[in-house]
Amino acid sequence: MKTPVLHSARFALIGLVFLPLAVVHASSSPASPHHIATLKGHANWILSMAFSPDGATLASVSSDGPVKLWDVKTRRNIATLSEGGALNFFVSVAFSPDGATLAYGSNRGVELWDVATSKNTATLRGNGAVAFSPDGTMLASMDSFAGLKLWDVATGTNTAILAGHTGGVQSVAFSSDGAMLASGAQDNTVKLWDVETGRNIATLEGHLNHVWSVAFSSDGAMLASGSSDGTARLWDVATRQTIAILGPEDGFWPVAFLPDGAVLASGSNSVKLWNVLTKENIATFKHEPFVNSVVFSPDGAVLASGSFDGTIKLWDTSEWVPPRPQRLVKIGDGQRGPAGTQLAAPFVVSALDEDGKAFVGAVVTFSVTAGGGTLSAATATTDANGRAATTLTLGPDPGPNAVTTTVAGLEPVTFTATATGQIPHSLTKVSGDGQGGLAGEPLAKPFIVSVLDQNGEAFAGAVVSFSVTTGGGTLSAATATTDANGRAKSTLRLGPDPGPNAVTTTVAGLGTVPFTATATGQTPHSLTKVSGDGQEGLAGAQLDEPFVVLVLDEDDEAIAGAVVSFSVTGGGGTLSAATAATNANGRARNTLRLGPNPGSNTVEATIGGLEPVIFTAVGQESNFAGFDDFFGSGKRVALPDRTQLLQNAPNPFNSQTVLAYFLLEPGRVRLEVFALSGQRVALIHQGPQRAGYHRLHWDGRDAAGHPVASGAYLYRLATDEAVLTQKLTLIR
């Protein structure tokens, strides 16, 4: 009869509220698994556990702080890594993928321990929940209260801060490919994050109380979350929709997937196993008074459950583990090829069962371990012949390449390949495209291409083929060899008839690059300026009017289809196009975006051997009178070349301050004020805005209109192109 008393005390302590939800169907007589052992040594609640990648060691941490390592085979406590002290619920442990390092997150920071020597190697300025990325290069941890931090494990540097939760983060988990991070928090939500960009890509809502645990299935298609509302939820990661609600139970905090993703374990006043496909309760493990943590061994044959009373129980779950392959065989090892190219044959691994027969459905992971190459597939499932394959594109430098293949529970196998020498890797257009000229006459400029190697360096000696595909013209050279700068060229004599001409350039193995030109029946005799000259505009902005020229023949008739070349000769601006063809009225036009600095801009228009036409324009400084109180009365400010968030003024302030910013492009904007804890205090603006400078006022009140306390706050500008943050100080 002690269990209800313990539960009530626990829930009163942390302020949990359990609300009933729809119950998913459970079988009437779930199995009773075999209890292997009970591990004793902790004096308080077991809040987190982790198996080493080889399954030989179990790490555990309790709410009073000690981290203990257990030998799973002998059931002995083999090390205590941190004696700890009185802590709280923000405590967790995680092994690195190679098993060499244990991360321990608490309210004192994130400690990294060398498992072999039991020595603390680093302490990071994070806390609470921790998780390693699948490749071991990155660590996620709780940041302060409601945020997340990403760490570079090798250097111990913080690479990103993910902000968005409004309650403390309790659990984090990486997807199997490392591209996504899930976090569960006390704001009752689960958030999904893009690891590369640090952006919050989805918020999963539905739990009625704190989310204490999150876990991805092995294929990354499903996410499980356990909440103190008494339920566990299964989510479809692609659609962000709830697949099933399991429960309610008295607690339902921890969740963990069997390695193959077919079974989910959850904890309450017992441990339950659920068939993920049918959503049935297929087994129940009694572990009183209350289960705080559950974790499967890497092979799925053992489940560990940690309880409120400080005990850990090990359970035999082998009957739920599907058959596994026993051996891997390599096919395609030892290949050679030019650096930067794809190998001729894939790396194939054959999975065999204990009788030497093909094993179907094994998930195989491929990873580049030497040479810096790339793979066509990072994971594959063995087919009807027991085979899975990936193809390696060799790294950019000559030398050895290696790919390691792993299947859960088996020794990895490694493929090797050798990258050789410099090779042509890319064919690109340099100049000469889009010209115009008199039919039957040679163009003014040759067609020039560039060939680079796998490192982006000029490739000399590549044979480039040039061939006429439209217009009937002739070339000065049908083939040309790239020079020391990696360039080859040929000049086109246009076909005899007015109209389009086309030439294709080819390098074996690199595809083709096309060039075009236009033949006219009239000879350009004069090129004159029509309009657009002498404009003014803000430096860095596009002019309102295009530059327009007129092309006439010797009879002063307009020439249609003549190609006029435009080039910036001063001021550093950019044109809407390098060439423009004349219309039926003999006119061609082009628009200039002024250079970034105030001053003169010049553009030259040319055709054939005629005298060039010069256009000029002036880039002006921007003078925003409304910003005199920021920069001094009458001071002129050059237009920035990027979106900026300026320091508020005055700062510190008492009753009102101005938040100013510059938008390089128009778009949707959100300006918010946050407490240092990450909680949003006020939304200053949300919606579309034009490009340019903006200034908004904040009166030191929250969203409800109440004055906020003195102290430091963050204000953040979020646009389509940037997220910028500054700090301000309020003094009452």
# chains A, B, ... in the order shown; residues from 1 in each chain; ligands from 1

call {"tool": "residues_around", "arguments": {"residues": "A:Ser183", "least_positions_apart": "5", "cutoff": "9 Å", "atoms": "only C-alpha atoms", "output": "number ranges by chain"}}
result
A: 148, 165, 169-173, 189-193, 211, 213-214

call {"tool": "residues_around", "arguments": {"residues": "A:Gly337", "least_positions_apart": "6", "cutoff": "8 Å", "atoms": "only C-alpha atoms", "output": "ChimeraX atom specification"}}
result
/A:343-344,394,417-420

call {"tool": "write_last_selection", "arguments": {"atoms": "N, CA and C atoms", "output": "PDB file, in the first residue's frame"}}
result
ATOM      1  N   LEU A 343      32.849   5.429 -58.182  1.00  0.00           N
ATOM      2  CA  LEU A 343      33.409   4.127 -58.518  1.00  0.00           C
ATOM      3  C   LEU A 343      32.524   3.404 -59.520  1.00  0.00           C
ATOM      4  N   ALA A 344      33.141   2.506 -60.284  1.00  0.00           N
ATOM      5  CA  ALA A 344      32.409   1.803 -61.337  1.00  0.00           C
ATOM      6  C   ALA A 344      31.370   0.845 -60.780  1.00  0.00           C
ATOM      7  N   LEU A 394      34.533   8.909 -54.855  1.00  0.00           N
ATOM      8  CA  LEU A 394      35.808   9.057 -54.158  1.00  0.00           C
ATOM      9  C   LEU A 394      36.051  10.498 -53.715  1.00  0.00           C
ATOM     10  N   ALA A 417      38.978   1.655 -51.049  1.00  0.00           N
ATOM     11  CA  ALA A 417      39.144   2.015 -52.457  1.00  0.00           C
ATOM     12  C   ALA A 417      40.276   3.026 -52.540  1.00  0.00           C
ATOM     13  N   THR A 418      40.848   3.181 -53.725  1.00  0.00           N
ATOM     14  CA  THR A 418      41.974   4.098 -53.910  1.00  0.00           C
ATOM     15  C   THR A 418      41.619   5.154 -54.945  1.00  0.00           C
ATOM     16  N   ALA A 419      41.791   6.435 -54.560  1.00  0.00           N
ATOM     17  CA  ALA A 419      41.572   7.557 -55.485  1.00  0.00           C
ATOM     18  C   ALA A 419      42.897   7.915 -56.142  1.00  0.00           C
ATOM     19  N   THR A 420      42.854   8.106 -57.438  1.00  0.00           N
ATOM     20  CA  THR A 420      44.067   8.412 -58.193  1.00  0.00           C
ATOM     21  C   THR A 420      43.934   9.739 -58.901  1.00  0.00           C
TER      22      THR A 420
END

call {"tool": "atom_distance", "arguments": {"atom1": "atom CA of A:Leu452", "atom2": "atom CA of A:Thr516"}}
result
22.5 Å

call {"tool": "residues_around", "arguments": {"residues": "A:Ala238", "least_positions_apart": "2", "cutoff": "10 Å", "atoms": "only C-alpha atoms", "output": "count of residues only"}}
result
7

call {"tool": "closest_atom_pairs", "arguments": {"of": "stretch 492-543 of chain A", "to": "stretch 436-446 of chain A", "cutoff": "12 Å", "atoms": "only C-alpha atoms", "output": "Markdown table"}}
result
| residue | atom | partner | partner_atom | distance |
| --- | --- | --- | --- | --- |
| A:Leu492 | CA | A:Pro442 | CA | 5.7 |
| A:Arg493 | CA | A:Pro442 | CA | 3.8 |
| A:Leu494 | CA | A:Gly440 | CA | 4.9 |
| A:Gly495 | CA | A:Gly440 | CA | 5.1 |
| A:Pro496 | CA | A:Gly440 | CA | 4.5 |
| A:Asp497 | CA | A:Ala439 | CA | 5.7 |
| A:Pro498 | CA | A:Ala439 | CA | 5.6 |
| A:Gly499 | CA | A:Ala439 | CA | 8.2 |
| A:Pro500 | CA | A:Gly436 | CA | 9.2 |
| A:Asn501 | CA | A:Gly436 | CA | 9.4 |
| A:Ala502 | CA | A:Gly436 | CA | 11.6 |
| A:Val503 | CA | A:Pro446 | CA | 11.4 |
| A:Phe515 | CA | A:Pro446 | CA | 10.5 |
| A:Thr516 | CA | A:Gly436 | CA | 9.0 |
| A:Ala517 | CA | A:Gly436 | CA | 5.5 |
| A:Thr518 | CA | A:Gly436 | CA | 4.6 |
| A:Ala519 | CA | A:Ala439 | CA | 4.6 |
| A:Thr520 | CA | A:Leu438 | CA | 4.9 |
| A:Gly521 | CA | A:Ala439 | CA | 5.8 |
| A:Gln522 | CA | A:Leu438 | CA | 6.4 |
| A:Thr523 | CA | A:Leu438 | CA | 5.7 |
| A:Pro524 | CA | A:Leu438 | CA | 8.0 |
| A:His525 | CA | A:Leu438 | CA | 11.1 |

call {"tool": "select_by_dssp", "arguments": {"residues": "stretch 181-383 of chain A", "states": "strand (DSSP E or B)", "output": "ChimeraX atom specification"}}
result
/A:181-185,190-194,199-204,211-216,222-227,232-236,241-246,255-257,263-267,270-275,281-286,291-296,302-307,312-316,327-331,335-338,342,347-352,358,363-370,374-375,379-381

call {"tool": "residues_around", "arguments": {"residues": "A:Asp353", "least_positions_apart": "3", "cutoff": "10 Å", "atoms": "only C-alpha atoms", "output": "list of chain:residue names"}}
result
A:Pro323, A:Arg324, A:Pro325, A:Gln326, A:Arg327, A:Leu328, A:Gly356, A:Lys357, A:Ala358, A:Phe359, A:Val360, A:Gly386

call {"tool": "closest_atom_pairs", "arguments": {"of": "stretch 122-219 of chain A", "to": "stretch 249-263 of chain A", "cutoff": "9 Å", "atoms": "only C-alpha atoms", "output": "CSV"}}
result
residue,atom,partner,partner_atom,distance
A:His210,CA,A:Trp253,CA,8.9
A:Val211,CA,A:Trp253,CA,7.5
A:Trp212,CA,A:Trp253,CA,5.6
A:Ser213,CA,A:Pro254,CA,5.3
A:Val214,CA,A:Val255,CA,6.7
A:Ala215,CA,A:Ala256,CA,6.0
A:Phe216,CA,A:Phe257,CA,7.4
A:Ser217,CA,A:Gly261,CA,5.0
A:Ser218,CA,A:Gly261,CA,5.7
A:Asp219,CA,A:Gly261,CA,7.6

call {"tool": "closest_residue", "arguments": {"among": "A:Ala50, A:Val563, A:Ala718, A:Ala301", "to": "A:Leu671", "atoms": "only C-alpha atoms"}}
result
A:Ala718

call {"tool": "residues_around", "arguments": {"residues": "A:Asp143", "least_positions_apart": "2", "cutoff": "8 Å", "atoms": "only C-alpha atoms", "output": "number ranges by chain"}}
result
A: 126-128, 141, 145-149, 161

call {"tool": "closest_residue", "arguments": {"among": "A:Gly619, A:Pro514, A:Leu112, A:Glu196", "to": "A:Thr469", "atoms": "only C-alpha atoms"}}
result
A:Pro514

call {"tool": "atom_distance", "arguments": {"atom1": "atom CA of A:Ala380", "atom2": "atom CA of A:Val364"}}
result
5.3 Å

call {"tool": "residues_around", "arguments": {"residues": "A:Ser268", "least_positions_apart": "6", "cutoff": "10 Å", "atoms": "only C-alpha atoms", "output": "list in words"}}
result
Ser228, Gly230, Thr231, Gly247, Pro248, Glu249, Asp250, Gly251, Phe252, Trp253, Pro254, Lys286, His287, Glu288, Pro289, Phe290, Val291, Asn292, Ser293 and Ser307 of chain A

call {"tool": "write_last_selection", "arguments": {"atoms": "C-alpha atoms", "output": "mmCIF file, in the first residue's frame"}}
result
data_model
loop_
_atom_site.group_PDB
_atom_site.id
_atom_site.type_symbol
_atom_site.label_atom_id
_atom_site.label_comp_id
_atom_site.auth_asym_id
_atom_site.auth_seq_id
_atom_site.Cartn_x
_atom_site.Cartn_y
_atom_site.Cartn_z
ATOM 1 C CA SER A 228 2.942 13.576 -17.189
ATOM 2 C CA GLY A 230 -0.545 10.042 -18.313
ATOM 3 C CA THR A 231 -0.171 9.314 -22.016
ATOM 4 C CA GLY A 247 -2.724 5.364 -22.000
ATOM 5 C CA PRO A 248 -3.714 7.083 -19.831
ATOM 6 C CA GLU A 249 -1.601 5.695 -16.990
ATOM 7 C CA ASP A 250 -0.497 6.967 -13.598
ATOM 8 C CA GLY A 251 2.526 8.902 -14.797
ATOM 9 C CA PHE A 252 3.629 7.708 -18.232
ATOM 10 C CA TRP A 253 6.885 9.651 -18.384
ATOM 11 C CA PRO A 254 9.633 7.594 -20.069
ATOM 12 C CA LYS A 286 5.982 -4.800 -12.470
ATOM 13 C CA HIS A 287 8.492 -2.330 -11.019
ATOM 14 C CA GLU A 288 7.095 -0.424 -8.090
ATOM 15 C CA PRO A 289 6.713 2.154 -6.802
ATOM 16 C CA PHE A 290 7.140 4.163 -10.022
ATOM 17 C CA VAL A 291 9.247 3.881 -13.181
ATOM 18 C CA ASN A 292 11.184 7.043 -14.144
ATOM 19 C CA SER A 293 13.394 5.733 -16.952
ATOM 20 C CA SER A 307 12.417 3.409 -10.348
#

call {"tool": "residues_around", "arguments": {"residues": "stretch 644-661 of chain A", "least_positions_apart": "2", "cutoff": "10 Å", "atoms": "only C-alpha atoms", "output": "MDAnalysis selection string"}}
result
chainID A and resid 627 629:630 640:642 663:664 671 684 692:701 707 710:712 715:718 722:732
